[in-house]
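For reference, the structure is listed below as structure tokens.
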Amino acid sequence: MKKIYFAVTALICTNFYAQTKKDSIIEIDEVIIHENRLSIPISKQNRNVYVISNETIKKLPGRTLQEVLQYANGVDIRQRGPFGGQADISLDGGSFEQTVVLLNGAKIIDSQTAHNMLNLALPVEAIERIEILRGPAARIFGINSLTGAINIITKKPTKSGVLLSTYAGSNFEKDSDDSGDTFFGTGVQAGAVLGKEKHQHSIFASHDKSNGYRYNTGFENNKILYQGNVQINDSNEILGSFGYVKNGFGANGFYAAPGDKNSTEVVQTTFANIQSKHFITDNWKIMPRVTYRYNYDDYRYLGNNNLNVGRSRHYTNSIAAELNSSIKTEKGEIGFGAEFRNEDIHSSNIGDHDRKNVGIYAEYRTYLFEKLNVNLGTYLNYNSDYKWQVYPGIDASYELTDEFKVIANVGTSQRIPSFTDLYLNQRPGNIGNPDLEAENAFQSEFGFKFNRKSLNLNVNYFYREISNYIDWTRMVTTVPWQSQNYGDLITNGVNMRGSYRFDLSEASKLNFTLGYSYLDSKFRDTRDEPYSKYLISSLKHQVTNTIDFQHKDFSVLLATRFNERVTGASYWINDVRISQSIKKFTIFIDGQNIFNTTYYEIGAFPLPARWFSLGAKFVTF
């Protein structure tokens, strides 16, 4: 029986465990969830948690993190660039600034703008699983977790080997507005891993290039990622990682359509992290971490031909240090910790700014009765701009049977405005607002989980209030967009997902997953501006579905997603991947948007129409 161990981690070093292979979309037998301090079996978890496993990622018709996440129930990926280009991510109707992303538990916060948050040097081949936790959770994740968190866990190799892969694709249409060339996309990737008993290392490098899918949407993307694990002894382990990505792309219609038809942008990101885990005794462990992130954003409104006009350059640094600990007692488990974060920016049209953030965590998990599990805690936060704030939360679950459990939780959190929200001076397009207040969220949730062999079902209802909601608004189209505390956003939501595995024979499996989200959002005490930049296109209905058939080393996966936004047309997107493995070689064919749907996610420019790719991989680990 396959065992997948996954972690919902905010501030600790994630444990990785060996797995035995079994073909399924999501097959959970025994799961240990390591939040930022406490270790909780999945059967005792009181939150709405969803995991995208490594087996699922390999079968999905996507080559980037952004493309994989667009198949996740309740996750809204709104892309500007094609095939994992610049993309905004949000959960359950929040804004793209209200979800915190983590890599192996280390928070990735872009203090300039969350538009660049997913600029990660992370090939999908390096991902072990993606964990999605919904709802405000400052007591677990700290700042910026208004609507939830997405934690990406990378693989820990168990044996040595190499990876070589390449692909090429096209929509077979020509760029009639410029060169007349056929649109195409190509990529190549190489990787090597060393898996020893006491130390493990991996390195990946990739190059992707495309001339886009319409005028001035081409890109060139280079990435490199290193990760190392060292087990000093049974009580001490160290994990280190380093990543660099440089992404240059045409930005036609990204921010100021139609005037930015020739705009280009270059984003470079460096991310480094070192963390460790130490067992002082059998029941007491401590987990320190230091994280550094540097981001350079160079936006050229008139493109590369005139760099002296309409150019914006931003240099952002952040460094964070964390120390977390947990103690197991006869009555339960106690978690406590502290973090420090310093952020600064040097920018041509935001200026020079810096701020500091200090957070203190305290949690306690126990059983009040045999089947009643309770987890409560609080996060005390000090920000140099917004001073002291407290964010408590409590989770509870009751096991009616071994297969059926009722869960409930109440959580709070905050989001501190980005430097762009506060200080941007990009007239006549956009201007910031230094008087913005921080966003605050309160959410209550109730649901149930049912697990029986091949069937997995989760149903949840939530009520959420976000006060001081920040959006970019204006009274008339002749004045700049300006960030404002627009009002209080009230959201009632329903989230359902289920999966079922059919064992057709010993060699053949059929997996079916289906997810549905409904959001009813209304504003209270709003401003008078009639024009909104981001709110008007949030999701109302979403359906995600995958059907995966596998016979020995041959597989076919069909992925379908439906989005209906508050305004604009609804649309269905259908993708497919067909793959065949022959020993260490795998050949795959991807078809994306196979029915050639015209659709929009941000602004008034269409996303890619039908696109086909052919690729091959050689993997020896």
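Residues in the structure tokens are numbered from 1 in each chain, the chains being A, B, ... in the order shown, and ligands are numbered from 1 in the order shown.
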
- Task: Write out as an MDAnalysis selection string the residues lying within 7 Å of Asp354 (chain A), counting only C-alpha atoms and excluding same-chain residues fewer than 6 positions away.
- Result: chainID A and resid 343:345

Write the selection just made, keeping all heavy atoms, as a PDB file, in the first residue's frame?
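In the end it all went to again08.pdb:
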ATOM      1  N   GLU A 343      12.485  43.749   5.370  1.00  0.00           N
ATOM      2  CA  GLU A 343      12.221  43.939   3.950  1.00  0.00           C
ATOM      3  C   GLU A 343      12.635  45.342   3.540  1.00  0.00           C
ATOM      4  O   GLU A 343      12.374  46.310   4.276  1.00  0.00           O
ATOM      5  CB  GLU A 343      10.731  43.741   3.638  1.00  0.00           C
ATOM      6  CG  GLU A 343      10.198  42.381   4.025  1.00  0.00           C
ATOM      7  CD  GLU A 343       8.686  42.291   3.938  1.00  0.00           C
ATOM      8  OE1 GLU A 343       8.020  43.338   4.075  1.00  0.00           O
ATOM      9  OE2 GLU A 343       8.179  41.177   3.743  1.00  0.00           O
ATOM     10  N   ASP A 344      13.271  45.459   2.362  1.00  0.00           N
ATOM     11  CA  ASP A 344      13.599  46.789   1.858  1.00  0.00           C
ATOM     12  C   ASP A 344      13.486  46.806   0.346  1.00  0.00           C
ATOM     13  O   ASP A 344      13.573  45.761  -0.315  1.00  0.00           O
ATOM     14  CB  ASP A 344      14.994  47.229   2.304  1.00  0.00           C
ATOM     15  CG  ASP A 344      16.099  46.394   1.701  1.00  0.00           C
ATOM     16  OD1 ASP A 344      16.389  46.563   0.497  1.00  0.00           O
ATOM     17  OD2 ASP A 344      16.693  45.565   2.416  1.00  0.00           O
ATOM     18  N   ILE A 345      13.286  48.001  -0.201  1.00  0.00           N
ATOM     19  CA  ILE A 345      13.161  48.172  -1.639  1.00  0.00           C
ATOM     20  C   ILE A 345      13.874  49.439  -2.069  1.00  0.00           C
ATOM     21  O   ILE A 345      13.863  50.452  -1.356  1.00  0.00           O
ATOM     22  CB  ILE A 345      11.672  48.212  -2.072  1.00  0.00           C
ATOM     23  CG1 ILE A 345      11.558  48.199  -3.610  1.00  0.00           C
ATOM     24  CG2 ILE A 345      10.941  49.415  -1.492  1.00  0.00           C
ATOM     25  CD1 ILE A 345      10.140  47.989  -4.120  1.00  0.00           C
TER      26      ILE A 345
END

- Shell around Asp298 (chain A) at 10 Å using only C-alpha atoms, local window under 6 positions removed, as number ranges by chain: A: 248, 264-268, 311-315, 347-348

Spatial neighbours of Arg78 (chain A), 12 Å, only C-alpha atoms, chain gap at least 4 places, as a PDB file with N, CA, C and O atoms, in the first residue's frame:
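Final output, saved to selection03.pdb:
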ATOM      1  N   GLN A  66       2.819  26.845 -12.079  1.00  0.00           N
ATOM      2  CA  GLN A  66       1.593  27.592 -12.326  1.00  0.00           C
ATOM      3  C   GLN A  66       0.572  26.732 -13.069  1.00  0.00           C
ATOM      4  O   GLN A  66      -0.633  26.767 -12.764  1.00  0.00           O
ATOM      5  N   GLU A  67       1.040  25.965 -14.042  1.00  0.00           N
ATOM      6  CA  GLU A  67       0.119  25.126 -14.810  1.00  0.00           C
ATOM      7  C   GLU A  67      -0.449  24.001 -13.953  1.00  0.00           C
ATOM      8  O   GLU A  67      -1.620  23.630 -14.094  1.00  0.00           O
ATOM      9  N   LEU A  69      -0.981  24.112 -10.683  1.00  0.00           N
ATOM     10  CA  LEU A  69      -1.917  24.664  -9.704  1.00  0.00           C
ATOM     11  C   LEU A  69      -3.268  25.022 -10.309  1.00  0.00           C
ATOM     12  O   LEU A  69      -4.266  25.103  -9.586  1.00  0.00           O
ATOM     13  N   GLN A  70      -3.334  25.240 -11.614  1.00  0.00           N
ATOM     14  CA  GLN A  70      -4.618  25.621 -12.197  1.00  0.00           C
ATOM     15  C   GLN A  70      -5.631  24.469 -12.185  1.00  0.00           C
ATOM     16  O   GLN A  70      -6.821  24.685 -12.396  1.00  0.00           O
ATOM     17  N   PRO A  82       2.002  33.195 -21.185  1.00  0.00           N
ATOM     18  CA  PRO A  82       1.617  31.814 -21.482  1.00  0.00           C
ATOM     19  C   PRO A  82       2.488  30.810 -20.760  1.00  0.00           C
ATOM     20  O   PRO A  82       3.648  31.074 -20.433  1.00  0.00           O
ATOM     21  N   PHE A  83       1.926  29.611 -20.495  1.00  0.00           N
ATOM     22  CA  PHE A  83       2.666  28.441 -20.058  1.00  0.00           C
ATOM     23  C   PHE A  83       3.543  28.715 -18.836  1.00  0.00           C
ATOM     24  O   PHE A  83       4.751  28.498 -18.834  1.00  0.00           O
ATOM     25  N   GLY A  84       2.904  29.215 -17.781  1.00  0.00           N
ATOM     26  CA  GLY A  84       3.627  29.456 -16.560  1.00  0.00           C
ATOM     27  C   GLY A  84       4.360  30.772 -16.522  1.00  0.00           C
ATOM     28  O   GLY A  84       5.251  30.961 -15.679  1.00  0.00           O
ATOM     29  N   GLY A  85       3.989  31.704 -17.403  1.00  0.00           N
ATOM     30  CA  GLY A  85       4.542  33.050 -17.316  1.00  0.00           C
ATOM     31  C   GLY A  85       4.002  33.741 -16.078  1.00  0.00           C
ATOM     32  O   GLY A  85       3.523  33.103 -15.153  1.00  0.00           O
ATOM     33  N   GLN A  86       4.067  35.054 -16.046  1.00  0.00           N
ATOM     34  CA  GLN A  86       3.627  35.761 -14.846  1.00  0.00           C
ATOM     35  C   GLN A  86       2.174  35.414 -14.534  1.00  0.00           C
ATOM     36  O   GLN A  86       1.298  35.511 -15.390  1.00  0.00           O
ATOM     37  N   ALA A  87       1.950  34.986 -13.307  1.00  0.00           N
ATOM     38  CA  ALA A  87       0.612  34.532 -12.912  1.00  0.00           C
ATOM     39  C   ALA A  87       0.318  34.983 -11.492  1.00  0.00           C
ATOM     40  O   ALA A  87       1.195  34.999 -10.634  1.00  0.00           O
ATOM     41  N   ASP A  88      -0.938  35.361 -11.249  1.00  0.00           N
ATOM     42  CA  ASP A  88      -1.414  35.694  -9.910  1.00  0.00           C
ATOM     43  C   ASP A  88      -2.159  34.485  -9.349  1.00  0.00           C
ATOM     44  O   ASP A  88      -2.890  33.806 -10.063  1.00  0.00           O
ATOM     45  N   ILE A  89      -1.986  34.239  -8.055  1.00  0.00           N
ATOM     46  CA  ILE A  89      -2.624  33.090  -7.420  1.00  0.00           C
ATOM     47  C   ILE A  89      -3.449  33.551  -6.234  1.00  0.00           C
ATOM     48  O   ILE A  89      -3.019  34.411  -5.455  1.00  0.00           O
ATOM     49  N   SER A  90      -4.638  32.995  -6.088  1.00  0.00           N
ATOM     50  CA  SER A  90      -5.484  33.317  -4.938  1.00  0.00           C
ATOM     51  C   SER A  90      -6.296  32.088  -4.554  1.00  0.00           C
ATOM     52  O   SER A  90      -6.452  31.146  -5.334  1.00  0.00           O
ATOM     53  N   LEU A  91      -6.808  32.110  -3.320  1.00  0.00           N
ATOM     54  CA  LEU A  91      -7.615  31.012  -2.798  1.00  0.00           C
ATOM     55  C   LEU A  91      -8.998  31.531  -2.406  1.00  0.00           C
ATOM     56  O   LEU A  91      -9.115  32.560  -1.742  1.00  0.00           O
ATOM     57  N   SER A  95      -7.719  38.085  -2.899  1.00  0.00           N
ATOM     58  CA  SER A  95      -6.878  38.712  -3.906  1.00  0.00           C
ATOM     59  C   SER A  95      -5.560  37.964  -4.021  1.00  0.00           C
ATOM     60  O   SER A  95      -5.227  37.108  -3.190  1.00  0.00           O
ATOM     61  N   PHE A  96      -4.781  38.305  -5.057  1.00  0.00           N
ATOM     62  CA  PHE A  96      -3.511  37.616  -5.275  1.00  0.00           C
ATOM     63  C   PHE A  96      -2.467  37.983  -4.226  1.00  0.00           C
ATOM     64  O   PHE A  96      -1.413  37.339  -4.159  1.00  0.00           O
ATOM     65  N   HIS A 115       2.691  39.890  -7.806  1.00  0.00           N
ATOM     66  CA  HIS A 115       2.777  39.467  -9.201  1.00  0.00           C
ATOM     67  C   HIS A 115       4.012  38.593  -9.438  1.00  0.00           C
ATOM     68  O   HIS A 115       4.016  37.750 -10.332  1.00  0.00           O
ATOM     69  N   LEU A 118       5.418  33.846  -7.734  1.00  0.00           N
ATOM     70  CA  LEU A 118       5.618  32.518  -8.287  1.00  0.00           C
ATOM     71  C   LEU A 118       6.817  32.448  -9.220  1.00  0.00           C
ATOM     72  O   LEU A 118       6.972  31.465  -9.963  1.00  0.00           O
ATOM     73  N   PHE A 254      -0.234  43.617 -20.248  1.00  0.00           N
ATOM     74  CA  PHE A 254      -0.132  43.143 -18.865  1.00  0.00           C
ATOM     75  C   PHE A 254      -0.702  44.145 -17.860  1.00  0.00           C
ATOM     76  O   PHE A 254      -1.384  43.770 -16.914  1.00  0.00           O
ATOM     77  N   TYR A 534      -9.195  44.578  -9.934  1.00  0.00           N
ATOM     78  CA  TYR A 534      -9.038  43.143  -9.688  1.00  0.00           C
ATOM     79  C   TYR A 534     -10.320  42.451  -9.224  1.00  0.00           C
ATOM     80  O   TYR A 534     -10.578  41.305  -9.578  1.00  0.00           O
ATOM     81  N   SER A 537     -13.255  40.397 -11.455  1.00  0.00           N
ATOM     82  CA  SER A 537     -13.071  39.136 -12.167  1.00  0.00           C
ATOM     83  C   SER A 537     -12.789  37.965 -11.226  1.00  0.00           C
ATOM     84  O   SER A 537     -12.231  36.947 -11.640  1.00  0.00           O
ATOM     85  N   SER A 538     -13.146  38.091  -9.946  1.00  0.00           N
ATOM     86  CA  SER A 538     -12.968  36.956  -9.036  1.00  0.00           C
ATOM     87  C   SER A 538     -13.958  35.849  -9.382  1.00  0.00           C
ATOM     88  O   SER A 538     -15.000  36.072  -9.999  1.00  0.00           O
ATOM     89  N   LEU A 539     -13.649  34.615  -8.963  1.00  0.00           N
ATOM     90  CA  LEU A 539     -14.470  33.460  -9.311  1.00  0.00           C
ATOM     91  C   LEU A 539     -15.767  33.419  -8.514  1.00  0.00           C
ATOM     92  O   LEU A 539     -15.824  33.835  -7.367  1.00  0.00           O
ATOM     93  N   ASN A 563     -14.657  27.757 -15.208  1.00  0.00           N
ATOM     94  CA  ASN A 563     -14.616  28.966 -14.400  1.00  0.00           C
ATOM     95  C   ASN A 563     -15.740  29.905 -14.813  1.00  0.00           C
ATOM     96  O   ASN A 563     -15.924  30.174 -16.006  1.00  0.00           O
ATOM     97  N   ARG A 565     -16.729  33.744 -13.622  1.00  0.00           N
ATOM     98  CA  ARG A 565     -16.306  34.866 -12.814  1.00  0.00           C
ATOM     99  C   ARG A 565     -17.474  35.811 -12.546  1.00  0.00           C
ATOM    100  O   ARG A 565     -18.541  35.694 -13.158  1.00  0.00           O
ATOM    101  N   TYR A 599     -10.754  32.678 -24.019  1.00  0.00           N
ATOM    102  CA  TYR A 599     -11.067  33.048 -22.646  1.00  0.00           C
ATOM    103  C   TYR A 599     -10.076  34.084 -22.147  1.00  0.00           C
ATOM    104  O   TYR A 599      -8.994  34.275 -22.700  1.00  0.00           O
ATOM    105  N   TYR A 600     -10.475  34.767 -21.055  1.00  0.00           N
ATOM    106  CA  TYR A 600      -9.699  35.851 -20.470  1.00  0.00           C
ATOM    107  C   TYR A 600      -9.647  35.644 -18.958  1.00  0.00           C
ATOM    108  O   TYR A 600     -10.633  35.250 -18.341  1.00  0.00           O
ATOM    109  N   GLU A 601      -8.511  35.928 -18.363  1.00  0.00           N
ATOM    110  CA  GLU A 601      -8.374  35.840 -16.904  1.00  0.00           C
ATOM    111  C   GLU A 601      -8.027  37.173 -16.275  1.00  0.00           C
ATOM    112  O   GLU A 601      -8.434  37.473 -15.160  1.00  0.00           O
ATOM    113  N   ILE A 602      -7.242  37.998 -16.959  1.00  0.00           N
ATOM    114  CA  ILE A 602      -6.901  39.337 -16.505  1.00  0.00           C
ATOM    115  C   ILE A 602      -6.983  40.273 -17.693  1.00  0.00           C
ATOM    116  O   ILE A 602      -6.430  39.985 -18.758  1.00  0.00           O
ATOM    117  N   GLY A 603      -7.673  41.390 -17.530  1.00  0.00           N
ATOM    118  CA  GLY A 603      -7.726  42.371 -18.600  1.00  0.00           C
ATOM    119  C   GLY A 603      -8.539  41.884 -19.779  1.00  0.00           C
ATOM    120  O   GLY A 603      -9.412  41.021 -19.661  1.00  0.00           O
ATOM    121  N   PRO A 606      -6.731  37.776 -24.749  1.00  0.00           N
ATOM    122  CA  PRO A 606      -7.025  36.343 -24.650  1.00  0.00           C
ATOM    123  C   PRO A 606      -5.800  35.541 -24.272  1.00  0.00           C
ATOM    124  O   PRO A 606      -4.664  35.891 -24.590  1.00  0.00           O
ATOM    125  N   LEU A 607      -6.030  34.432 -23.595  1.00  0.00           N
ATOM    126  CA  LEU A 607      -4.954  33.489 -23.270  1.00  0.00           C
ATOM    127  C   LEU A 607      -4.803  32.483 -24.410  1.00  0.00           C
ATOM    128  O   LEU A 607      -5.603  32.458 -25.349  1.00  0.00           O
TER     129      LEU A 607
END

- Message: Quick one: residues within 12 Å of Phe242 (chain A), only C-alpha atoms, excluding same-chain residues fewer than 2 positions away - as a PyMOL selection string?
- Response: chain A and resi 103+120-122+201-205+223-228+239-240+244-245+269-274+291-294

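Residue nearest Asn468 (chain A) within the list A:Gly303, A:Gly487, A:Gly335, A:Gly212: A:Gly487 [criterion: smallest interatomic distance, only C-alpha atoms].
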
- Message: as a PyMOL selection string, please: the residues near region 150-152 of chain A (cut-off 8 Å, only C-alpha atoms, same-chain neighbours under 4 positions excluded).
- Response: chain A and resi 8-10+99-105+127-133

- Query: When you draw a straight line from CA of Gln542 (chain A) to CA of Tyr516 (chain A), how long is it in Å?
  - Reply: 5.6 Å

- Task: Point out the residue among A:Trp572, A:Tyr215, A:Phe549, A:Phe554 with the least atom-to-atom distance to Phe502 (chain A), counting only C-alpha atoms.
- Result: A:Phe549

- Message: I need the alpha helix (DSSP H) residues of region 369-555 of chain A per DSSP on the backbone, written as a list in words.
- Response: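 Output for region 369-555 of chain A, alpha helix (DSSP H) only: Phe419, Thr420, Asp421, Leu422 and Tyr423 of chain A.
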
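The space between CA of Val358 (chain A) and CA of Gly148 (chain A) spans 20.1 Å.
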
- Using only C-alpha atoms, the residue out of A:Ile416, A:Ala362, A:Leu65, A:Val374 with shortest distance to Ile143 (chain A) is A:Ile416

- Task: Kindly give the distance, in Å, that separates CA of Leu372 (chain A) and CA of Ala396 (chain A), rounded to a single decimal.
- Result: 7.1 Å

- Skipping near chain neighbours, those fewer than 2 positions away, what residues fall within 7 Å of Glu403 (chain A) using only C-alpha atoms, listed as a list in words?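 Surrounding residues, per the criterion: Thr401, Lys405, Phe450, Asn451 and Arg452 of chain A.
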
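The list of residues with at least one atom within 8 Å of Asn342 (chain A), based on only C-alpha atoms and without residues fewer than 6 positions apart in the same chain, reads A:Ser318, A:Ile319, A:Ala320, A:Asp354, A:Arg355, A:Lys356, A:Asn357.
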
- Task: Give the strand (DSSP E) residues of region 491-549 of chain A, as assigned by DSSP on the backbone, as a VMD selection string.
- Result: chain A and resid 491 to 503 508 to 524 531 to 532 539 to 549

- Item | Of the listed residues A:Lys174, A:Arg47, A:Leu455, A:Asn73, that which approaches Ser517 (chain A) most closely, counting only C-alpha atoms |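 With only C-alpha atoms as the atom set, the closest residue is A:Asn73.
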